[in-house]
$ cat data34.txt   # compact mmCIF, C-alpha atoms and all ligand atoms
# COMPACT_ATOMS: atom_id res chain seq x y z
CA MET A 1 11.43 5.84 -43.42
CA ALA A 2 14.02 3.15 -42.84
CA HIS A 3 11.71 0.39 -43.99
CA ALA A 4 8.76 -0.13 -46.28
CA THR A 5 6.28 -1.58 -43.79
CA GLU A 6 3.03 0.36 -43.74
CA HIS A 7 1.28 0.52 -40.40
CA THR A 8 -2.28 1.06 -39.35
CA PHE A 9 -1.93 3.07 -36.18
CA ALA A 10 -4.03 2.64 -33.06
CA THR A 11 -6.31 -0.08 -34.45
CA PRO A 12 -5.67 -3.58 -33.12
CA VAL A 13 -4.93 -5.99 -35.99
CA GLU A 14 -5.36 -9.76 -35.58
CA LEU A 15 -2.15 -11.70 -36.32
CA GLU A 16 -3.56 -15.08 -35.35
CA PRO A 17 -6.42 -16.22 -33.11
CA GLY A 18 -6.01 -14.63 -29.69
CA ILE A 19 -3.09 -12.39 -30.69
CA LEU A 20 -3.68 -8.81 -31.78
CA ARG A 21 -1.07 -6.22 -32.64
CA LEU A 22 -1.50 -2.56 -31.73
CA THR A 23 0.89 -0.16 -33.45
CA LEU A 24 1.51 3.28 -31.98
CA PRO A 25 3.47 6.15 -33.52
CA LEU A 26 6.89 7.35 -32.32
CA PRO A 27 8.29 10.78 -33.16
CA THR A 28 11.78 9.42 -34.00
CA GLY A 29 13.71 6.22 -34.69
CA PRO A 30 11.66 3.47 -36.27
CA ARG A 31 8.61 5.81 -36.07
CA HIS A 32 6.39 3.12 -34.61
CA VAL A 33 6.23 0.64 -31.77
CA HIS A 34 4.16 -2.54 -31.55
CA CYS A 35 2.15 -3.53 -28.49
CA TYR A 36 0.23 -6.80 -28.32
CA PHE A 37 -3.08 -7.99 -26.92
CA LEU A 38 -2.98 -11.66 -25.87
CA ARG A 39 -6.21 -13.44 -24.98
CA GLY A 40 -6.18 -14.61 -21.37
CA ASP A 41 -8.60 -16.46 -19.11
CA ASP A 42 -10.59 -13.43 -18.03
CA GLY A 43 -9.71 -10.78 -20.60
CA TRP A 44 -6.83 -9.44 -22.65
CA LEU A 45 -3.22 -9.17 -21.56
CA LEU A 46 -1.68 -6.01 -23.05
CA VAL A 47 2.07 -6.23 -23.68
CA ASP A 48 3.84 -2.82 -23.72
CA THR A 49 2.26 0.58 -23.95
CA GLY A 50 4.09 2.95 -26.33
CA LEU A 51 5.24 6.39 -25.25
CA GLY A 52 3.21 8.36 -22.74
CA LEU A 53 1.71 10.68 -25.36
CA THR A 54 -1.54 12.32 -24.31
CA GLU A 55 -2.96 11.79 -27.77
CA THR A 56 -2.89 7.97 -27.56
CA PRO A 57 -6.63 7.18 -27.95
CA TRP A 58 -6.87 4.41 -25.35
CA GLY A 59 -10.68 4.73 -25.19
CA GLU A 60 -11.03 4.06 -28.90
CA ILE A 61 -8.44 1.30 -28.87
CA LEU A 62 -10.16 -0.52 -26.02
CA ALA A 63 -13.59 -0.13 -27.64
CA ALA A 64 -12.30 -2.19 -30.58
CA LEU A 65 -11.69 -5.20 -28.30
CA ASP A 66 -14.30 -7.88 -27.52
CA GLY A 67 -13.45 -7.92 -23.82
CA PRO A 68 -11.66 -6.07 -21.04
CA VAL A 69 -7.91 -5.68 -20.61
CA THR A 70 -7.18 -7.35 -17.28
CA ARG A 71 -3.38 -7.16 -17.15
CA ILE A 72 -0.59 -5.07 -18.63
CA PHE A 73 2.87 -6.59 -19.05
CA ILE A 74 6.00 -4.50 -19.64
CA THR A 75 8.89 -6.14 -21.52
CA HIS A 76 11.44 -3.47 -20.58
CA MET A 77 11.87 0.04 -19.23
CA HIS A 78 12.69 1.93 -22.44
CA PRO A 79 10.41 4.95 -23.08
CA ASP A 80 8.56 3.48 -26.06
CA HIS A 81 7.53 0.40 -24.05
CA VAL A 82 6.92 1.60 -20.50
CA GLY A 83 6.09 5.26 -21.18
CA GLY A 84 2.36 4.78 -21.73
CA ALA A 85 1.87 2.42 -18.75
CA GLU A 86 0.18 4.99 -16.51
CA ALA A 87 -2.33 6.02 -19.19
CA ALA A 88 -3.01 2.41 -20.23
CA ALA A 89 -3.54 1.40 -16.60
CA ALA A 90 -5.87 4.34 -16.01
CA ALA A 91 -7.90 3.58 -19.14
CA THR A 92 -8.24 -0.15 -18.42
CA GLY A 93 -8.12 -0.40 -14.63
CA ALA A 94 -5.71 -3.29 -15.21
CA SER A 95 -2.74 -4.11 -12.99
CA VAL A 96 0.75 -3.57 -14.40
CA ILE A 97 3.27 -6.42 -14.31
CA GLN A 98 6.98 -5.74 -14.71
CA GLY A 99 10.20 -7.68 -14.13
CA ALA A 100 11.78 -7.02 -10.73
CA LEU A 101 15.22 -6.10 -12.10
CA ASP A 102 13.69 -4.06 -14.91
CA TYR A 103 11.55 -2.11 -12.48
CA THR A 104 14.55 -1.30 -10.27
CA GLN A 105 16.31 0.20 -13.29
CA CYS A 106 13.13 1.93 -14.46
CA GLU A 107 12.81 3.72 -11.14
CA ARG A 108 16.49 4.63 -11.06
CA VAL A 109 16.48 6.15 -14.56
CA TRP A 110 13.01 7.72 -14.87
CA GLY A 111 12.06 8.16 -11.24
CA SER A 112 15.16 9.96 -9.95
CA THR A 113 16.40 13.48 -10.53
CA ASP A 114 20.15 12.80 -10.48
CA TRP A 115 20.25 10.36 -13.40
CA PRO A 116 21.17 12.91 -16.13
CA GLU A 117 24.12 14.07 -14.02
CA ARG A 118 25.30 10.54 -13.31
CA ILE A 119 25.18 9.49 -16.92
CA ALA A 120 27.01 12.71 -17.94
CA GLU A 121 29.88 11.90 -15.55
CA TRP A 122 29.96 8.37 -16.84
CA PHE A 123 30.22 9.50 -20.49
CA ILE A 124 33.09 11.85 -19.59
CA ARG A 125 34.84 8.94 -17.90
CA HIS A 126 34.56 7.09 -21.22
CA GLY A 127 36.26 9.89 -23.13
CA VAL A 128 33.30 12.00 -24.25
CA PRO A 129 34.28 15.71 -24.24
CA PRO A 130 32.18 17.57 -21.61
CA ALA A 131 30.38 19.75 -24.20
CA VAL A 132 29.46 16.69 -26.26
CA SER A 133 28.42 14.87 -23.10
CA GLU A 134 25.88 17.58 -22.40
CA GLU A 135 24.43 17.17 -25.88
CA LEU A 136 24.21 13.43 -25.38
CA ILE A 137 22.36 13.84 -22.10
CA GLU A 138 19.88 16.27 -23.59
CA SER A 139 19.14 13.98 -26.51
CA GLY A 140 18.82 11.00 -24.18
CA HIS A 141 16.34 12.80 -22.01
CA ALA A 142 14.24 14.12 -24.88
CA PHE A 143 11.78 11.32 -24.11
CA ALA A 144 11.79 11.74 -20.33
CA ASP A 145 8.62 13.84 -20.39
CA PHE A 146 6.82 11.03 -22.18
CA VAL A 147 7.72 8.35 -19.66
CA ARG A 148 4.80 7.79 -17.34
CA PHE A 149 5.50 4.44 -15.76
CA VAL A 150 3.43 2.92 -12.97
CA TRP A 151 4.98 2.93 -9.50
CA ASN A 152 4.98 -0.32 -7.51
CA PRO A 153 3.77 -2.71 -10.22
CA THR A 154 3.31 -6.43 -9.63
CA LEU A 155 6.84 -7.81 -9.93
CA VAL A 156 7.64 -11.02 -11.78
CA GLU A 157 10.75 -13.11 -12.27
CA PRO A 158 11.89 -15.30 -15.17
CA GLY A 159 10.18 -18.68 -14.85
CA ASP A 160 6.89 -17.18 -13.67
CA GLU A 161 3.72 -17.48 -15.72
CA VAL A 162 1.39 -14.70 -16.78
CA ASP A 163 -1.96 -15.76 -18.25
CA GLY A 164 -0.50 -19.07 -19.38
CA TRP A 165 2.56 -17.43 -20.98
CA SER A 166 6.03 -18.31 -19.70
CA VAL A 167 8.15 -15.37 -18.63
CA LEU A 168 11.65 -15.67 -20.16
CA ALA A 169 14.73 -13.69 -19.17
CA THR A 170 16.07 -12.15 -22.38
CA PRO A 171 18.76 -9.70 -21.22
CA GLY A 172 20.95 -7.73 -23.63
CA HIS A 173 18.95 -4.85 -25.12
CA ALA A 174 18.00 -4.07 -21.51
CA ASP A 175 19.38 -5.90 -18.46
CA GLY A 176 15.98 -6.89 -17.12
CA HIS A 177 14.30 -7.48 -20.47
CA LEU A 178 11.59 -10.15 -20.35
CA SER A 179 9.81 -11.95 -23.18
CA LEU A 180 6.72 -14.16 -23.20
CA GLU A 181 6.45 -17.59 -24.81
CA ARG A 182 3.54 -19.95 -25.32
CA ASP A 183 2.91 -22.74 -27.85
CA GLY A 184 5.77 -21.68 -30.10
CA VAL A 185 4.87 -17.99 -30.12
CA LEU A 186 7.45 -15.55 -28.76
CA ILE A 187 6.44 -12.03 -27.76
CA ALA A 188 9.98 -10.72 -27.92
CA GLY A 189 9.85 -7.02 -27.06
CA ASP A 190 13.09 -5.61 -28.51
CA THR A 191 15.10 -8.81 -28.08
CA LEU A 192 14.55 -10.02 -31.65
CA LEU A 193 13.76 -7.52 -34.38
CA ALA A 194 13.75 -7.47 -38.17
CA PRO A 195 14.91 -5.81 -40.28
CA ILE A 196 16.68 -3.65 -37.66
CA THR A 197 19.17 -5.10 -35.18
CA PRO A 198 18.39 -4.38 -31.51
CA ALA A 199 20.81 -1.96 -29.86
CA VAL A 200 22.97 -3.49 -27.14
CA GLY A 201 24.75 -0.84 -25.10
CA LEU A 202 26.66 -0.50 -21.86
CA TYR A 203 25.22 2.06 -19.42
CA PRO A 204 26.05 3.16 -15.87
CA ASP A 205 24.97 0.65 -13.23
CA SER A 206 24.16 -1.87 -15.93
CA ARG A 207 25.28 -5.48 -15.89
CA PRO A 208 29.00 -5.66 -16.75
CA ASP A 209 28.79 -7.49 -20.08
CA PRO A 210 25.45 -6.79 -21.81
CA LEU A 211 26.65 -8.13 -25.16
CA GLY A 212 27.70 -11.38 -23.47
CA ASP A 213 24.22 -11.53 -21.94
CA TYR A 214 22.64 -10.86 -25.31
CA LEU A 215 24.62 -13.50 -27.19
CA GLU A 216 23.64 -15.98 -24.48
CA THR A 217 19.98 -14.93 -24.92
CA LEU A 218 20.23 -15.45 -28.68
CA GLY A 219 21.69 -18.93 -28.13
CA ARG A 220 18.85 -19.89 -25.79
CA LEU A 221 16.16 -18.52 -28.12
CA ALA A 222 17.69 -20.33 -31.10
CA GLU A 223 17.52 -23.55 -29.11
CA LEU A 224 13.92 -22.84 -28.08
CA ALA A 225 13.21 -22.35 -31.80
CA PRO A 226 9.78 -20.74 -31.56
CA ARG A 227 7.51 -20.94 -34.61
CA VAL A 228 7.19 -17.17 -34.84
CA SER A 229 8.42 -14.11 -33.00
CA TYR A 230 6.53 -10.83 -32.66
CA GLY A 231 8.74 -7.90 -31.73
CA GLY A 232 8.40 -4.31 -30.60
CA HIS A 233 9.32 -2.86 -34.00
CA GLY A 234 9.34 -4.04 -37.60
CA ASP A 235 8.09 -7.30 -39.04
CA PRO A 236 7.04 -10.63 -37.51
CA ILE A 237 9.90 -13.13 -37.70
CA ALA A 238 8.92 -16.43 -39.30
CA ASP A 239 12.19 -18.23 -38.47
CA PRO A 240 13.37 -16.87 -35.11
CA ALA A 241 16.27 -19.34 -34.81
CA ALA A 242 17.69 -18.17 -38.13
CA ARG A 243 17.26 -14.54 -37.09
CA CYS A 244 19.15 -15.25 -33.84
CA ALA A 245 22.03 -16.73 -35.84
CA LYS A 246 22.11 -13.76 -38.19
CA ILE A 247 22.20 -11.20 -35.36
CA ALA A 248 24.89 -13.18 -33.51
CA TYR A 249 26.97 -13.18 -36.71
CA HIS A 250 26.56 -9.41 -37.01
CA HIS A 251 27.97 -8.97 -33.49
CA ASP A 252 30.85 -11.38 -34.16
CA ARG A 253 31.86 -9.24 -37.12
CA ARG A 254 31.56 -6.06 -35.07
CA LEU A 255 33.68 -7.62 -32.32
CA GLU A 256 36.37 -8.35 -34.91
CA HIS A 257 36.19 -4.78 -36.16
CA THR A 258 36.41 -3.43 -32.60
CA GLU A 259 39.43 -5.62 -31.85
CA PHE A 260 41.04 -4.43 -35.07
CA VAL A 261 40.88 -0.71 -34.17
CA LEU A 262 42.51 -1.17 -30.74
CA THR A 263 46.18 -0.36 -30.33
CA ALA A 264 48.87 -0.47 -27.63
CA VAL A 265 47.91 3.13 -26.84
CA PRO A 266 44.73 3.08 -24.73
CA ARG A 267 41.64 4.36 -26.57
CA SER A 268 38.35 5.44 -25.03
CA GLY A 269 34.90 4.12 -25.92
CA TYR A 270 34.18 7.54 -27.42
CA GLU A 271 37.20 7.32 -29.73
CA VAL A 272 36.42 3.77 -30.75
CA SER A 273 32.82 4.78 -31.56
CA HIS A 274 34.20 7.01 -34.33
CA ASP A 275 35.91 4.04 -35.97
CA LEU A 276 32.87 1.80 -35.70
CA PHE A 277 30.06 4.23 -36.46
CA GLY A 278 31.70 7.15 -38.30
CA THR A 279 32.72 10.64 -37.25
CA ASP A 280 29.60 12.53 -38.23
CA LEU A 281 26.66 11.57 -36.03
CA PRO A 282 23.91 13.64 -34.40
CA PRO A 283 24.01 13.48 -30.56
CA ILE A 284 21.24 10.89 -30.17
CA GLN A 285 23.07 8.51 -32.49
CA ARG A 286 26.47 9.22 -30.94
CA ARG A 287 24.98 8.26 -27.59
CA PHE A 288 23.94 4.86 -28.93
CA ALA A 289 27.27 4.54 -30.76
CA VAL A 290 29.30 5.09 -27.57
CA ALA A 291 27.13 2.70 -25.54
CA GLU A 292 27.27 0.08 -28.30
CA SER A 293 31.06 0.45 -28.73
CA LEU A 294 31.47 -0.03 -24.98
CA SER A 295 29.36 -3.20 -24.95
CA HIS A 296 31.65 -4.63 -27.63
CA LEU A 297 34.81 -3.47 -25.84
CA GLU A 298 33.67 -5.04 -22.59
CA ARG A 299 32.84 -8.30 -24.38
CA LEU A 300 36.36 -8.34 -25.84
CA VAL A 301 37.82 -7.76 -22.36
CA ALA A 302 35.71 -10.63 -21.00
CA LEU A 303 36.98 -12.86 -23.81
CA GLY A 304 40.59 -11.85 -23.15
CA ARG A 305 40.79 -10.18 -26.57
CA ALA A 306 41.25 -6.60 -25.26
CA GLY A 307 42.67 -4.88 -22.20
CA ARG A 308 41.02 -2.27 -19.99
CA ARG A 309 43.02 0.56 -18.37
CA GLU A 310 41.16 2.31 -15.63
CA ASP A 311 42.06 5.04 -13.16
CA ASP A 312 40.04 7.52 -11.09
CA ARG A 313 39.14 9.66 -14.06
CA THR A 314 39.09 7.56 -17.21
CA VAL A 315 38.50 4.13 -18.70
CA ALA A 316 40.27 3.15 -21.91
CA TYR A 317 40.97 -0.01 -23.85
CA THR A 318 44.05 -1.54 -25.45
CA ALA A 319 44.80 -4.28 -27.92
CA ARG A 320 45.27 -7.58 -26.12
CA SER A 321 48.71 -8.07 -27.62
CA SER A 322 49.88 -5.01 -25.68
CA GLY A 323 49.13 -6.91 -22.49
CA GLY A 324 46.60 -4.43 -21.13
CA ARG A 325 44.65 -7.02 -19.23
CA ALA A 326 47.50 -9.25 -18.11
CA PRO A 327 47.46 -9.75 -14.36
CA VAL A 328 50.43 -8.24 -12.56
ZN ZN B 1 11.59 -0.30 -28.48
$ encode --input "data34.txt" --output "structure tokens"
Amino acid sequence: MAHATEHTFATPVELEPGILRLTLPLPTGPRHVHCYFLRGDDGWLLVDTGLGLTETPWGEILAALDGPVTRIFITHMHPDHVGGAEAAAAATGASVIQGALDYTQCERVWGSTDWPERIAEWFIRHGVPPAVSEELIESGHAFADFVRFVWNPTLVEPGDEVDGWSVLATPGHADGHLSLERDGVLIAGDTLLAPITPAVGLYPDSRPDPLGDYLETLGRLAELAPRVSYGGHGDPIADPAARCAKIAYHHDRRLEHTEFVLTAVPRSGYEVSHDLFGTDLPPIQRRFAVAESLSHLERLVALGRAGRREDDRTVAYTARSSGGRAPV
């Protein structure tokens, strides 16, 4: 295990009055995901749903509550958050609420058959050898069978309210990521985590500069300075503003490192990922490494600190001093 936190699975635990945490197991990665029950006017609001594993004992979980679940809110469309939505909705009879942008991407990735092919082409364009690309696609779709999202949920936008909680746009980890805030409590999804740092990657059809989005999110959350932040994995964060600063610093250092490994000769996101994350990674981690390298490369381009060379077949990046981005 990457961390020492012990978890009680599938039994809601009270964190403070009106806020319960439900922890569900994951087969990989951090090995667990947190969902939350927030007390609303007419019942509980469930935030996130874990993976769509048939063994999730929703009946037992709900029996431990003192009232019904009346709404389900999804922070973002990653498998460990949206995957159990169908089962949770069936068990509770509650309506599912999801961000409009997030739902569009959810449908495109999990509800279409051509996504694996499109992402494979995109990886090849970013320098991933075709054989490796296939491995990356397979690893990325290992969870696809456990994604059972709910079609046509109630759509919300940043600025809306759900059960007295403000809906905040917190893009970066996912383009349409939403968080909830009320009375100094932030339900952050995967926007703020500790001790792990949320992944921020570039993907096909994603917003052009996800790391720029994320750093802007961190700035806004630091200014909001909630009293506490409860995230999708790991520990509660007692000083969210300080955590925002620490994560922003981490990305600043990685941006410097990324800038440092660029040369006058164009290099692909795949090549750069070997400098940043090492040469020996299993496919699932290489996938994140490529996406994360690309988010840093695109941020550097946006800042004028790197150049992008693009033709019909490939995208590659150059050091700024070689003039890669200079307008003709
Ligand atoms: Zn997650």
$ residues_around --input "data34.txt" --residues "A:Phe260" --least-positions-apart "5" --cutoff "10 Å" --atoms "all atoms listed in the file" --output "PyMOL selection string"
chain A and resi 254-255+275+319
$ atom_distance --input "data34.txt" --atom1 "atom CA of A:His7" --atom2 "atom CA of A:Thr23"
7.0 Å
$ closest_atom_pairs --input "data34.txt" --of "chain A" --to "ligand ZN 1 (chain B)" --cutoff "12 Å" --atoms "all atoms listed in the file" --output "JSON lines"
{"residue": "A:Thr23", "atom": "CA", "partner": "B:ZN1", "partner_atom": "ZN", "distance": 11.8}
{"residue": "A:Leu24", "atom": "CA", "partner": "B:ZN1", "partner_atom": "ZN", "distance": 11.3}
{"residue": "A:Pro25", "atom": "CA", "partner": "B:ZN1", "partner_atom": "ZN", "distance": 11.5}
{"residue": "A:Leu26", "atom": "CA", "partner": "B:ZN1", "partner_atom": "ZN", "distance": 9.8}
{"residue": "A:Thr28", "atom": "CA", "partner": "B:ZN1", "partner_atom": "ZN", "distance": 11.2}
{"residue": "A:Gly29", "atom": "CA", "partner": "B:ZN1", "partner_atom": "ZN", "distance": 9.3}
{"residue": "A:Pro30", "atom": "CA", "partner": "B:ZN1", "partner_atom": "ZN", "distance": 8.7}
{"residue": "A:Arg31", "atom": "CA", "partner": "B:ZN1", "partner_atom": "ZN", "distance": 10.2}
{"residue": "A:His32", "atom": "CA", "partner": "B:ZN1", "partner_atom": "ZN", "distance": 8.7}
{"residue": "A:Val33", "atom": "CA", "partner": "B:ZN1", "partner_atom": "ZN", "distance": 6.4}
{"residue": "A:His34", "atom": "CA", "partner": "B:ZN1", "partner_atom": "ZN", "distance": 8.3}
{"residue": "A:Cys35", "atom": "CA", "partner": "B:ZN1", "partner_atom": "ZN", "distance": 10.0}
{"residue": "A:Asp48", "atom": "CA", "partner": "B:ZN1", "partner_atom": "ZN", "distance": 9.4}
{"residue": "A:Thr49", "atom": "CA", "partner": "B:ZN1", "partner_atom": "ZN", "distance": 10.4}
{"residue": "A:Gly50", "atom": "CA", "partner": "B:ZN1", "partner_atom": "ZN", "distance": 8.5}
{"residue": "A:Leu51", "atom": "CA", "partner": "B:ZN1", "partner_atom": "ZN", "distance": 9.8}
{"residue": "A:Ile74", "atom": "CA", "partner": "B:ZN1", "partner_atom": "ZN", "distance": 11.3}
{"residue": "A:Thr75", "atom": "CA", "partner": "B:ZN1", "partner_atom": "ZN", "distance": 9.5}
{"residue": "A:His76", "atom": "CA", "partner": "B:ZN1", "partner_atom": "ZN", "distance": 8.5}
{"residue": "A:Met77", "atom": "CA", "partner": "B:ZN1", "partner_atom": "ZN", "distance": 9.3}
{"residue": "A:His78", "atom": "CA", "partner": "B:ZN1", "partner_atom": "ZN", "distance": 6.5}
{"residue": "A:Pro79", "atom": "CA", "partner": "B:ZN1", "partner_atom": "ZN", "distance": 7.6}
{"residue": "A:Asp80", "atom": "CA", "partner": "B:ZN1", "partner_atom": "ZN", "distance": 5.4}
{"residue": "A:His81", "atom": "CA", "partner": "B:ZN1", "partner_atom": "ZN", "distance": 6.0}
{"residue": "A:Val82", "atom": "CA", "partner": "B:ZN1", "partner_atom": "ZN", "distance": 9.4}
{"residue": "A:Gly83", "atom": "CA", "partner": "B:ZN1", "partner_atom": "ZN", "distance": 10.7}
{"residue": "A:His173", "atom": "CA", "partner": "B:ZN1", "partner_atom": "ZN", "distance": 9.3}
{"residue": "A:Ala174", "atom": "CA", "partner": "B:ZN1", "partner_atom": "ZN", "distance": 10.2}
{"residue": "A:His177", "atom": "CA", "partner": "B:ZN1", "partner_atom": "ZN", "distance": 11.1}
{"residue": "A:Ala188", "atom": "CA", "partner": "B:ZN1", "partner_atom": "ZN", "distance": 10.6}
{"residue": "A:Gly189", "atom": "CA", "partner": "B:ZN1", "partner_atom": "ZN", "distance": 7.1}
{"residue": "A:Asp190", "atom": "CA", "partner": "B:ZN1", "partner_atom": "ZN", "distance": 5.5}
{"residue": "A:Thr191", "atom": "CA", "partner": "B:ZN1", "partner_atom": "ZN", "distance": 9.2}
{"residue": "A:Leu192", "atom": "CA", "partner": "B:ZN1", "partner_atom": "ZN", "distance": 10.6}
{"residue": "A:Leu193", "atom": "CA", "partner": "B:ZN1", "partner_atom": "ZN", "distance": 9.6}
{"residue": "A:Ile196", "atom": "CA", "partner": "B:ZN1", "partner_atom": "ZN", "distance": 11.0}
{"residue": "A:Thr197", "atom": "CA", "partner": "B:ZN1", "partner_atom": "ZN", "distance": 11.2}
{"residue": "A:Pro198", "atom": "CA", "partner": "B:ZN1", "partner_atom": "ZN", "distance": 8.5}
{"residue": "A:Ala199", "atom": "CA", "partner": "B:ZN1", "partner_atom": "ZN", "distance": 9.5}
{"residue": "A:Val200", "atom": "CA", "partner": "B:ZN1", "partner_atom": "ZN", "distance": 11.9}
{"residue": "A:Gly231", "atom": "CA", "partner": "B:ZN1", "partner_atom": "ZN", "distance": 8.7}
{"residue": "A:Gly232", "atom": "CA", "partner": "B:ZN1", "partner_atom": "ZN", "distance": 5.5}
{"residue": "A:His233", "atom": "CA", "partner": "B:ZN1", "partner_atom": "ZN", "distance": 6.5}
{"residue": "A:Gly234", "atom": "CA", "partner": "B:ZN1", "partner_atom": "ZN", "distance": 10.1}
$ closest_residue --input "data34.txt" --among "A:Cys244, A:Ala131, A:Leu20, A:Ala100" --to "A:Asp175" --atoms "only C-alpha atoms"
A:Ala100
$ atom_distance --input "data34.txt" --atom1 "atom CA of A:Leu136" --atom2 "atom CA of A:Arg118"
12.5 Å
$ closest_residue --input "data34.txt" --among "A:Glu181, A:Thr11, A:Tyr317, A:Asp252" --to "A:Pro57" --atoms "all atoms listed in the file"
A:Thr11
$ residues_around --input "data34.txt" --residues "A:Gly93" --least-positions-apart "5" --cutoff "10 Å" --atoms "only C-alpha atoms" --output "VMD selection string"
chain A and resid 68 to 72 87 to 88
$ closest_residue --input "data34.txt" --among "A:Pro153, A:Asp163, A:Phe123, A:Val13" --to "A:Leu38" --atoms "only C-alpha atoms"
A:Asp163
$ closest_residue --input "data34.txt" --among "A:Ala238, A:Leu294, A:Val150, A:Leu22" --to "A:Glu86" --atoms "only C-alpha atoms"
A:Val150
$ atom_distance --input "data34.txt" --atom1 "atom CA of A:Ala264" --atom2 "atom CA of A:Tyr249"
26.9 Å
